[in-house]
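Q: Provided below: final-v7.cif, containing mmCIF, C-alpha atoms.
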data_protein
loop_
_atom_site.label_atom_id
_atom_site.label_comp_id
_atom_site.auth_asym_id
_atom_site.auth_seq_id
_atom_site.Cartn_x
_atom_site.Cartn_y
_atom_site.Cartn_z
CA GLY A 1 0.00 0.00 0.00
CA ALA A 2 0.90 3.67 -0.06
CA ALA A 3 1.79 3.84 3.64
CA THR A 4 4.35 1.02 3.48
CA ASN A 5 5.86 2.50 0.32
CA ILE A 6 6.27 5.86 2.05
CA ILE A 7 7.90 4.25 5.10
CA TYR A 8 10.25 2.20 2.92
CA GLY A 9 11.11 5.25 0.83
CA LEU A 10 11.89 7.33 3.91
CA ALA A 11 14.06 4.56 5.34
CA LEU A 12 15.97 4.24 2.08
CA GLY A 13 16.40 8.02 1.90
CA TYR A 14 17.77 8.17 5.43
CA LYS A 15 20.21 5.34 4.69
CA SER A 16 21.46 7.16 1.59
CA VAL A 17 23.01 9.78 3.88
CA ILE A 18 25.57 7.36 5.32
CA VAL A 19 27.99 7.02 2.40
CA PRO A 20 28.12 10.74 1.48
CA VAL A 21 28.71 11.77 5.10
CA LEU A 22 31.52 9.22 5.46
CA ALA A 23 33.10 10.49 2.23
CA LEU A 24 32.71 14.10 3.39
CA GLY A 25 34.34 13.31 6.72
CA ALA A 26 37.26 11.60 4.99
CA THR A 27 37.63 14.60 2.67
CA ILE A 28 37.76 17.00 5.61
CA PHE A 29 40.30 14.88 7.48
CA VAL A 30 42.64 14.35 4.52
CA SER A 31 42.46 17.93 3.26
CA PHE A 32 43.12 19.31 6.75
CA GLN A 33 46.09 16.98 7.24
CA LEU A 34 47.58 18.07 3.92
CA CYS A 35 46.98 21.83 4.00
CA HIS A 36 44.98 22.73 7.13
CA MET A 37 42.05 25.13 6.53
CA PHE A 38 43.37 26.11 3.13
CA GLY A 39 43.10 22.47 2.08
CA ILE A 40 39.46 22.36 3.17
CA ALA A 41 38.76 25.52 1.15
CA LEU A 42 40.41 23.91 -1.89
CA ALA A 43 38.31 20.79 -1.42
CA ALA A 44 35.16 22.92 -1.36
CA LEU A 45 36.30 24.72 -4.52
CA GLY A 46 36.91 21.37 -6.21
CA MET A 47 33.40 20.19 -5.42
CA LEU A 48 31.88 23.45 -6.64
CA SER A 49 33.83 23.38 -9.91
CA SER A 50 31.77 20.47 -11.26
CA LEU A 51 28.48 21.86 -9.98
CA SER A 52 27.98 24.13 -12.97
CA ILE A 53 27.81 21.12 -15.30
CA GLY A 54 25.18 19.38 -13.20
CA LEU A 55 23.07 22.53 -12.87
CA THR A 56 23.28 23.13 -16.60
CA ILE A 57 22.00 19.64 -17.35
CA ASP A 58 19.41 20.12 -14.59
CA ALA A 59 17.79 22.84 -16.71
CA TYR A 60 16.67 20.12 -19.13
CA GLY A 61 14.32 18.70 -16.47
CA PRO A 62 11.64 21.43 -16.30
CA ILE A 63 12.02 22.20 -20.02
CA CYS A 64 11.34 18.58 -20.97
CA ASP A 65 8.58 18.33 -18.39
CA ASN A 66 6.84 21.34 -19.93
CA ALA A 67 7.42 19.92 -23.40
CA GLY A 68 5.79 16.68 -22.29
CA GLY A 69 2.78 18.57 -20.95
CA ILE A 70 2.46 20.49 -24.21
CA ALA A 71 2.74 17.24 -26.20
CA GLU A 72 0.01 15.67 -24.07
CA MET A 73 -2.31 18.67 -24.45
CA ALA A 74 -1.66 18.73 -28.20
CA GLU A 75 -2.55 15.01 -28.30
CA LEU A 76 0.72 14.02 -29.97
CA GLY A 77 1.86 10.42 -30.26
CA SER A 78 3.12 8.35 -27.36
CA SER A 79 6.61 8.30 -28.90
CA VAL A 80 6.95 12.05 -28.26
CA ARG A 81 5.93 11.63 -24.64
CA HIS A 82 8.38 8.76 -24.25
CA ILE A 83 11.25 10.97 -25.45
CA THR A 84 10.34 13.86 -23.16
CA ASP A 85 9.94 11.52 -20.17
CA THR A 86 13.39 10.06 -20.79
CA LEU A 87 14.98 13.50 -20.96
CA ASP A 88 13.06 14.60 -17.87
CA ALA A 89 14.33 11.58 -15.92
CA ALA A 90 17.90 12.43 -16.91
CA GLY A 91 17.40 16.00 -15.74
CA ASN A 92 15.95 14.86 -12.40
CA THR A 93 18.89 12.50 -11.85
CA THR A 94 21.48 15.21 -12.45
CA ALA A 95 19.46 17.57 -10.23
CA ALA A 96 19.65 15.10 -7.35
CA ILE A 97 23.39 14.66 -7.83
CA GLY A 98 23.89 18.41 -8.08
CA LYS A 99 22.06 18.99 -4.81
CA GLY A 100 24.36 16.49 -3.11
CA PHE A 101 27.43 18.30 -4.39
CA ALA A 102 25.97 21.65 -3.29
CA ILE A 103 25.26 20.42 0.24
CA GLY A 104 28.70 18.82 0.58
CA SER A 105 30.52 21.89 -0.68
CA ALA A 106 28.41 24.08 1.62
CA ALA A 107 29.56 22.01 4.60
CA LEU A 108 33.20 22.41 3.55
CA VAL A 109 32.81 26.15 2.94
CA SER A 110 31.10 26.69 6.29
CA LEU A 111 33.94 24.86 8.03
CA ALA A 112 36.53 26.98 6.20
CA LEU A 113 34.67 30.20 7.03
CA TYR A 114 34.36 29.17 10.66
CA GLY A 115 38.09 28.45 10.78
CA ALA A 116 38.85 31.86 9.27
CA PHE A 117 36.54 33.52 11.80
CA VAL A 118 38.12 31.73 14.75
CA SER A 119 41.66 32.59 13.59
CA ARG A 120 40.64 36.21 12.97
CA ILE A 121 39.29 36.77 16.48
CA GLY A 122 42.24 34.92 17.95
CA ALA A 123 40.25 32.23 19.72
CA THR A 124 42.08 29.04 20.57
CA SER A 125 39.09 26.92 21.56
CA VAL A 126 35.30 26.92 21.69
CA ASP A 127 33.69 25.58 24.86
CA ILE A 128 30.45 23.80 23.93
CA LEU A 129 29.51 23.63 27.63
CA GLU A 130 29.08 27.40 27.72
CA PRO A 131 25.31 28.11 27.76
CA ILE A 132 25.44 30.82 25.07
CA VAL A 133 27.41 28.56 22.71
CA PHE A 134 25.11 25.59 23.23
CA VAL A 135 21.96 27.70 22.84
CA PHE A 136 23.07 29.11 19.49
CA LEU A 137 24.10 25.65 18.34
CA LEU A 138 20.50 24.61 18.94
CA TYR A 139 19.26 27.67 17.07
CA GLY A 140 21.53 26.92 14.13
CA SER A 141 20.37 23.30 13.95
CA MET A 142 16.77 24.56 13.97
CA LEU A 143 17.14 26.78 10.88
CA PRO A 144 17.10 24.05 8.17
CA TYR A 145 13.85 22.65 9.57
CA TRP A 146 12.35 26.15 9.77
CA PHE A 147 13.18 27.00 6.15
CA SER A 148 12.07 23.56 4.96
CA ALA A 149 8.75 23.99 6.77
CA MET A 150 8.19 27.40 5.19
CA THR A 151 8.99 26.03 1.73
CA MET A 152 6.67 23.02 2.11
CA LYS A 153 3.89 25.24 3.47
CA SER A 154 4.23 27.56 0.48
CA VAL A 155 3.95 24.62 -1.92
CA GLY A 156 0.87 23.40 -0.07
CA ILE A 157 -0.81 26.81 -0.27
CA ALA A 158 -0.14 27.10 -4.02
CA ALA A 159 -1.37 23.54 -4.61
CA ARG A 160 -4.56 24.20 -2.66
CA GLU A 161 -5.31 27.28 -4.76
CA MET A 162 -4.75 25.23 -7.92
CA VAL A 163 -7.09 22.47 -6.71
CA VAL A 164 -9.81 25.02 -5.93
CA GLU A 165 -9.45 26.54 -9.41
CA VAL A 166 -9.64 23.13 -11.11
CA ARG A 167 -12.80 22.24 -9.17
CA GLU A 168 -14.37 25.57 -10.10
CA GLN A 169 -13.55 25.03 -13.77
CA PHE A 170 -15.15 21.59 -13.71
CA ALA A 171 -18.28 23.16 -12.24
CA ARG A 172 -18.20 26.28 -14.42
CA ILE A 173 -17.25 24.95 -17.88
CA PRO A 174 -19.81 22.53 -19.35
CA GLY A 175 -18.38 19.52 -21.14
CA LEU A 176 -15.00 19.71 -19.43
CA MET A 177 -15.42 16.36 -17.69
CA GLU A 178 -16.42 14.69 -20.94
CA GLY A 179 -13.46 16.16 -22.83
CA THR A 180 -15.59 18.19 -25.26
CA ALA A 181 -14.48 21.56 -23.82
CA LYS A 182 -11.06 23.01 -23.07
CA PRO A 183 -10.03 24.27 -19.64
CA ASP A 184 -8.80 27.77 -18.89
CA TYR A 185 -5.05 27.15 -18.95
CA GLU A 186 -4.15 30.82 -18.57
CA ARG A 187 -5.96 31.04 -15.26
CA CYS A 188 -4.05 28.04 -13.87
CA VAL A 189 -0.71 29.40 -15.06
CA ALA A 190 -1.49 32.78 -13.51
CA ILE A 191 -2.38 31.17 -10.17
CA SER A 192 0.84 29.15 -10.16
CA THR A 193 3.01 32.15 -11.09
CA LYS A 194 1.41 34.54 -8.59
CA ALA A 195 1.55 31.98 -5.79
CA SER A 196 5.21 31.17 -6.41
CA LEU A 197 6.21 34.86 -6.44
CA ARG A 198 4.08 35.69 -3.39
CA GLU A 199 5.32 32.79 -1.27
CA MET A 200 8.93 33.39 -2.30
CA ILE A 201 8.73 36.95 -0.96
#
Would you kindly transcribe this structure into structure tokens?

A:
Amino acid sequence: GAATNIIYGLALGYKSVIVPVLALGATIFVSFQLCHMFGIALAALGMLSSLSIGLTIDAYGPICDNAGGIAEMAELGSSVRHITDTLDAAGNTTAAIGKGFAIGSAALVSLALYGAFVSRIGATSVDILEPIVFVFLLYGSMLPYWFSAMTMKSVGIAAREMVVEVREQFARIPGLMEGTAKPDYERCVAISTKASLREMI
């Protein structure tokens, strides 16, 4: 059922973190042993250097997805949809890989920036048992969940507006359910665009 598939998918997603984190830890250790903080900064630069290629290929994803939607609305052959689905899958794969590289390089860059900050202020150690340090560690660990929650809430609000519009069109436009009439595509596109801009701000 759907519930067991979701649980299995979440478990598999959580397990996929293990290998990248181990590789990232080994990268930090080796680069620091070779060149200290400068080595970590170079490692981050090396990861970011290949990111442009992945993001460039990632642009094919939404383009092919839109092309597939246009092909379906134009009632083209299944061969056209098969081609666009294949290209869309390739774009999604490179997008997932690119996000991994971005997260890993962000961890390396944050470590390098923290090292530069500590050396700049002349601190020799950071005591995690100090209340102010521990409190702001908690605040920092909270931020990804906060931003993720805001992003997911924004998507939910936009999706709800789209569902309401689709229901209204089914009730308002006769023959839409039977396929004899065409929906108001411009209205749906306008709702999606306005919602994305509003929630982003």

Q: Could you list the residues chosen by the PyMOL selection byres ((chain A and resi 64) around 10) in this structure as a ChimeraX atom specification?

A: /A:59-63,65-70,81,83-91

Q: Between CA of Gln169 in chain A and CA of Ala181 in chain A, what is the distance in Å, rounded to a tenth?

A: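 Computed distance, CA of Gln169 in chain A to CA of Ala181 in chain A, equals 10.7 Å.
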
Q: Quick check, in Å to one decimal: how far apart do CA of Ala195 in chain A and CA of Ala158 in chain A lie?

A: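 Rounded to one decimal, the two atoms are 5.5 Å apart.
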
Q: Which residue is closest to Thr27 in chain A? Choose from A:Met47, A:Met73, A:Ala11, A:Val163 and count only C-alpha atoms.

A: A:Met47

Q: Please write as number ranges by chain the full residue list that the PyMOL selection byres ((chain A and resi 33-42) around 12) yields on this file.

A: A: 24-32, 43-49, 104-119

Q: Hey, can you check how far CA of Glu161 in chain A sits from CA of Met177 in chain A?

A: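 That distance, rounded to one decimal, is 19.7 Å.
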
Q: Using all atoms listed in the file, which residue out of A:Gly175, A:Glu72, A:Ser50, A:Ile201 lies closest to Ala102 in chain A?

A: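 Once distances to Ala102 in chain A are computed over all atoms listed in the file, the minimum belongs to A:Ser50.
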
Q: Could you spell out the hits of the PyMOL selection byres ((chain A and resi 182) around 12) on the shown file, as a count of residues only?

A: 18

Q: When distances are computed from only C-alpha atoms, which of A:Val17, A:Tyr145, A:Val80, A:Ile191 shows the smallest separation from Arg160 in chain A?

A: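 Distance minimum relative to Arg160 in chain A lands on A:Ile191.
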
Q: Quick one: axis-aligned box around all listed atoms of range 17-32 of chain A, 4 Å on every side, centre and edge lengths in Å to one decimal, written as lines of an AutoDock Vina configuration file.

A:
center_x = 33.1
center_y = 13.2
center_z = 4.5
size_x = 28.1
size_y = 20.3
size_z = 14.0

Q: Considering only C-alpha atoms, state which residue in the set A:Met200, A:Ala23, A:Thr56, A:Thr124 is at the smallest distance from Phe147 in chain A.

A: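 Residue with the minimum atom-to-atom distance to Phe147 in chain A: A:Met200.
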
Q: When you count only C-alpha atoms, which of these residues is closest to Ser52 in chain A: A:Ile6, A:Leu76, A:Ile18, A:Ala95?

A: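 Closest residue, counting only C-alpha atoms: A:Ala95.
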
Q: So, with all atoms listed in the file as the atoms that count, which of A:Met162, A:Val19, A:Ile121, A:Ile157 lies closest to Ala190 in chain A?

A: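 Of A:Met162, A:Val19, A:Ile121, A:Ile157, the one nearest Ala190 in chain A, counting all atoms listed in the file, is A:Met162.
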